[in-house]
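**Student:** First, the structure itself, so that you have it in front of you.
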Amino acid sequence: MAGDAAISLGVSLYSYGGDFLVTMSLEDCLADVADMGAIDIEILADTHIAGYPSPSSEWVDRWLVLVDGAGLRPTCYSSWLDTRLHRDRALSLDEAVAILRRDLELAHRLGFSIVRPKLGVVSLDLIPDPIWRDTVERVLPDAAELGIAIAPEIHSPTPLRSRIVDDYV
């Protein structure tokens with residue numbers, strides 16, 4: 001077929017939720033992913049990065065050694081942009097942009113090519129915070145400079161045919 005692209009197996013470390021830091025270390029999880037033949041890896045930044053959002057240089061170096069040693073490719077860096085971080089107010093656009101920029105830079109340091117920001121929602125049917133579009137648009141030049149794609153998270157109960165998905169597209 002023209003334009004064939006190799007499809008590789010990827011694993012999200014979210015899958016190790018019950019085991020991570022209970023019965024398995026980061027190194028154990030990465031070794032297990034590699035053992036099953038996967039290449040691509042997704043992490044949840046605030047869960048899997050020790051010291052997030054400011055991991056030590058030693059942690060970053062260890063991450064790069066572990067991933068390289070296991071033959072894995074950092075693919076998706078998933079982050080949480082909590083627009084309701086403060087009890088008395090929502091994040092301002094400038095604050096949200098600063099957080100997303102910080103995550104883009106960290107994802108780049110860790111070798112990721114995709115950042116999947118989960119932005120705060122304002123309803124039970126997962127309508128994203130109104131600042132989502134402006135936040136993402138303001139960091140697009142940064143993402144392009146770093147060679148990172150930004151991909152929104154869409155999951156149940158959001159139907160694929162919905163205003164939310166149409167807005168993302």
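Going through the structure tokens in order, the chains are called A, B, and so on, while each chain numbers its residues from 1 and the ligands are numbered from 1 in the order shown.
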What's around Phe112 of chain A at 7 Å? Count only C-alpha atoms, leave out sequence neighbours fewer than 3 positions away in its own chain, and write the answer as a ChimeraX atom specification.
**Tutor:** /A:74-77,107-108
**Student:** Could you give me, as JSON lines, every segment 101-151 of chain A residue with an atom at most 10 Å from segment 39-50 of chain A, plus its closest atom pair and distance in Å to one decimal, counting only C-alpha atoms, rows ordered by chain then number?
**Tutor:**
```
{"residue": "A:Asp103", "atom": "CA", "partner": "A:Ala45", "partner_atom": "CA", "distance": 8.3}
{"residue": "A:Leu106", "atom": "CA", "partner": "A:Ala45", "partner_atom": "CA", "distance": 9.2}
{"residue": "A:Ala107", "atom": "CA", "partner": "A:Ala45", "partner_atom": "CA", "distance": 8.6}
{"residue": "A:Phe112", "atom": "CA", "partner": "A:Glu42", "partner_atom": "CA", "distance": 8.8}
{"residue": "A:Ile114", "atom": "CA", "partner": "A:Glu42", "partner_atom": "CA", "distance": 9.2}
{"residue": "A:Val115", "atom": "CA", "partner": "A:Glu42", "partner_atom": "CA", "distance": 9.6}
{"residue": "A:Arg116", "atom": "CA", "partner": "A:Leu44", "partner_atom": "CA", "distance": 9.3}
{"residue": "A:Pro117", "atom": "CA", "partner": "A:Leu44", "partner_atom": "CA", "distance": 9.9}
```
**Student:** So that I can see what lies close to Ala96 of chain A, please list as a list in words the residues with an atom at most 10 Å from it, counting only C-alpha atoms and leaving out residues fewer than 2 positions away in the same chain.
**Tutor:**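 Neighbouring residues, sequence-local ones excluded: Leu81, Asp82, Thr83, Ala90, Leu91, Ser92, Leu93, Asp94, Ala98, Ile99, Leu100, Arg101, Arg102, Leu119, Ile131, Trp132, Asp134, Thr135 and Val136 of chain A.
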**Student:** What does the file look like for those residues with N, CA and C atoms, as a PDB file, in the first residue's frame?
**Tutor:**
```pdb
ATOM      1  N   LEU A  81      -4.404  20.080  33.186  1.00  0.00           N
ATOM      2  CA  LEU A  81      -4.422  21.533  33.345  1.00  0.00           C
ATOM      3  C   LEU A  81      -5.668  21.873  34.146  1.00  0.00           C
ATOM      4  N   ASP A  82      -5.500  21.896  35.458  1.00  0.00           N
ATOM      5  CA  ASP A  82      -6.614  22.079  36.375  1.00  0.00           C
ATOM      6  C   ASP A  82      -6.991  23.554  36.462  1.00  0.00           C
ATOM      7  N   THR A  83      -7.977  23.940  35.694  1.00  0.00           N
ATOM      8  CA  THR A  83      -8.379  25.351  35.666  1.00  0.00           C
ATOM      9  C   THR A  83      -9.094  25.768  36.943  1.00  0.00           C
ATOM     10  N   ALA A  90     -11.049  30.609  39.063  1.00  0.00           N
ATOM     11  CA  ALA A  90     -10.505  29.799  37.972  1.00  0.00           C
ATOM     12  C   ALA A  90      -9.152  30.376  37.556  1.00  0.00           C
ATOM     13  N   LEU A  91      -8.356  29.555  36.916  1.00  0.00           N
ATOM     14  CA  LEU A  91      -7.084  30.055  36.393  1.00  0.00           C
ATOM     15  C   LEU A  91      -7.338  31.119  35.340  1.00  0.00           C
ATOM     16  N   SER A  92      -6.465  32.082  35.288  1.00  0.00           N
ATOM     17  CA  SER A  92      -6.517  33.062  34.208  1.00  0.00           C
ATOM     18  C   SER A  92      -5.925  32.424  32.955  1.00  0.00           C
ATOM     19  N   LEU A  93      -6.163  33.024  31.830  1.00  0.00           N
ATOM     20  CA  LEU A  93      -5.593  32.534  30.582  1.00  0.00           C
ATOM     21  C   LEU A  93      -4.068  32.525  30.671  1.00  0.00           C
ATOM     22  N   ASP A  94      -3.476  33.579  31.199  1.00  0.00           N
ATOM     23  CA  ASP A  94      -2.020  33.635  31.311  1.00  0.00           C
ATOM     24  C   ASP A  94      -1.482  32.520  32.205  1.00  0.00           C
ATOM     25  N   ALA A  98       0.956  29.439  30.929  1.00  0.00           N
ATOM     26  CA  ALA A  98       2.238  29.167  31.586  1.00  0.00           C
ATOM     27  C   ALA A  98       2.354  27.691  31.980  1.00  0.00           C
ATOM     28  N   ILE A  99       1.276  27.109  32.482  1.00  0.00           N
ATOM     29  CA  ILE A  99       1.292  25.690  32.878  1.00  0.00           C
ATOM     30  C   ILE A  99       1.467  24.798  31.653  1.00  0.00           C
ATOM     31  N   LEU A 100       0.740  25.079  30.589  1.00  0.00           N
ATOM     32  CA  LEU A 100       0.856  24.247  29.393  1.00  0.00           C
ATOM     33  C   LEU A 100       2.235  24.408  28.755  1.00  0.00           C
ATOM     34  N   ARG A 101       2.772  25.613  28.744  1.00  0.00           N
ATOM     35  CA  ARG A 101       4.138  25.808  28.234  1.00  0.00           C
ATOM     36  C   ARG A 101       5.142  25.005  29.059  1.00  0.00           C
ATOM     37  N   ARG A 102       4.986  25.050  30.368  1.00  0.00           N
ATOM     38  CA  ARG A 102       5.873  24.294  31.254  1.00  0.00           C
ATOM     39  C   ARG A 102       5.825  22.805  30.914  1.00  0.00           C
ATOM     40  N   LEU A 119      -7.840  19.413  29.988  1.00  0.00           N
ATOM     41  CA  LEU A 119      -8.203  20.671  30.599  1.00  0.00           C
ATOM     42  C   LEU A 119      -9.407  20.503  31.494  1.00  0.00           C
ATOM     43  N   ILE A 131     -11.543  28.593  28.492  1.00  0.00           N
ATOM     44  CA  ILE A 131     -10.235  29.115  28.077  1.00  0.00           C
ATOM     45  C   ILE A 131      -9.397  28.089  27.307  1.00  0.00           C
ATOM     46  N   TRP A 132      -9.945  26.884  27.088  1.00  0.00           N
ATOM     47  CA  TRP A 132      -9.140  25.832  26.463  1.00  0.00           C
ATOM     48  C   TRP A 132      -8.597  26.248  25.106  1.00  0.00           C
ATOM     49  N   ASP A 134      -8.124  29.266  23.621  1.00  0.00           N
ATOM     50  CA  ASP A 134      -7.109  30.317  23.659  1.00  0.00           C
ATOM     51  C   ASP A 134      -5.804  29.814  24.275  1.00  0.00           C
ATOM     52  N   THR A 135      -5.910  28.949  25.277  1.00  0.00           N
ATOM     53  CA  THR A 135      -4.712  28.396  25.909  1.00  0.00           C
ATOM     54  C   THR A 135      -3.904  27.603  24.890  1.00  0.00           C
ATOM     55  N   VAL A 136      -4.563  26.698  24.197  1.00  0.00           N
ATOM     56  CA  VAL A 136      -3.867  25.870  23.214  1.00  0.00           C
ATOM     57  C   VAL A 136      -3.336  26.722  22.067  1.00  0.00           C
TER      58      VAL A 136
END
```
**Student:** I'd like to know which of A:Trp80, A:Tyr168, A:Ala70, A:Arg87 is closest to Leu26 of chain A, using only C-alpha atoms.
**Tutor:**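 Closest to Leu26 of chain A, using only C-alpha atoms: A:Ala70.
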**Student:** In terms of the shortest atom-to-atom distance over only C-alpha atoms, which of A:Glu137, A:Asp129, A:Asp35, A:Asp28 is closest to Gly71 of chain A?
**Tutor:**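 Closest candidate: A:Asp35.
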**Student:** Here is a test: counting only C-alpha atoms, which residue of A:Val60, A:Leu124, A:Ala151, A:Leu66 is nearest to Cys29 of chain A?
**Tutor:** A:Leu66
**Student:** As a short mmCIF file (atom, residue, chain, number, x, y, z; two decimals) with C-alpha atoms, in the first residue's frame, list the residues of chain A assigned to helix (DSSP H, G or I) by DSSP on the backbone atoms of this structure.
**Tutor:**
```
data_model
loop_
_atom_site.label_atom_id
_atom_site.label_comp_id
_atom_site.auth_asym_id
_atom_site.auth_seq_id
_atom_site.Cartn_x
_atom_site.Cartn_y
_atom_site.Cartn_z
CA LEU A 13 1.63 3.65 32.29
CA TYR A 14 -1.89 4.50 33.48
CA SER A 15 -2.46 0.76 32.96
CA TYR A 16 -0.17 0.12 35.93
CA LEU A 26 9.08 2.97 37.17
CA GLU A 27 11.92 0.76 35.98
CA ASP A 28 9.79 -2.37 36.51
CA CYS A 29 6.89 -0.88 34.54
CA LEU A 30 9.10 0.15 31.63
CA ALA A 31 10.77 -3.27 31.56
CA ASP A 32 7.36 -4.95 31.52
CA VAL A 33 6.19 -2.74 28.65
CA ALA A 34 9.32 -3.61 26.66
CA ASP A 35 8.97 -7.31 27.53
CA ALA A 45 2.97 13.63 34.12
CA ASP A 46 1.72 14.26 37.64
CA THR A 47 1.66 10.53 38.45
CA HIS A 48 4.79 9.13 36.83
CA SER A 57 18.10 16.62 36.58
CA GLU A 58 19.01 13.22 38.00
CA TRP A 59 15.44 12.00 37.54
CA VAL A 60 15.34 13.28 33.94
CA ASP A 61 18.69 11.62 33.17
CA ARG A 62 17.48 8.35 34.74
CA TRP A 63 14.26 8.49 32.68
CA LEU A 64 16.23 8.89 29.46
CA VAL A 65 18.55 6.00 30.36
CA LEU A 66 15.62 3.73 31.34
CA VAL A 67 13.63 4.45 28.19
CA ASP A 68 16.65 4.05 25.94
CA GLY A 69 17.77 0.89 27.72
CA ALA A 70 14.33 -0.66 27.35
CA LEU A 93 -5.59 32.53 30.58
CA ASP A 94 -2.02 33.64 31.31
CA GLU A 95 -1.74 31.12 34.17
CA ALA A 96 -3.11 28.30 32.02
CA VAL A 97 -0.73 29.16 29.19
CA ALA A 98 2.24 29.17 31.59
CA ILE A 99 1.29 25.69 32.88
CA LEU A 100 0.86 24.25 29.39
CA ARG A 101 4.14 25.81 28.23
CA ARG A 102 5.87 24.29 31.25
CA ASP A 103 4.48 20.87 30.34
CA LEU A 104 5.53 21.24 26.70
CA GLU A 105 9.08 22.04 27.77
CA LEU A 106 9.23 19.12 30.21
CA ALA A 107 7.75 16.75 27.63
CA HIS A 108 10.45 17.86 25.20
CA ARG A 109 13.21 17.27 27.80
CA TRP A 132 -9.14 25.83 26.46
CA ARG A 133 -9.04 27.12 22.89
CA ASP A 134 -7.11 30.32 23.66
CA THR A 135 -4.71 28.40 25.91
CA VAL A 136 -3.87 25.87 23.21
CA GLU A 137 -3.69 28.49 20.45
CA ARG A 138 -1.23 30.60 22.44
CA VAL A 139 1.19 27.69 22.91
CA LEU A 140 1.05 26.33 19.36
CA PRO A 141 4.19 28.24 18.31
CA ASP A 142 6.04 26.77 21.31
CA ALA A 143 4.82 23.28 20.47
CA ALA A 144 5.90 23.66 16.83
CA GLU A 145 9.34 24.91 17.88
CA LEU A 146 9.75 21.90 20.18
CA ARG A 163 -20.08 20.04 19.70
CA ILE A 164 -17.02 19.39 21.88
CA VAL A 165 -15.31 17.25 19.24
CA ASP A 166 -16.37 19.63 16.47
CA ASP A 167 -14.79 22.48 18.43
CA TYR A 168 -11.53 20.54 18.79
#
```
**Student:** Could you jot down the atom CA of Val169 of chain A to atom CA of Ser12 of chain A separation for me, Å, one decimal place?
**Tutor:** 23.9 Å
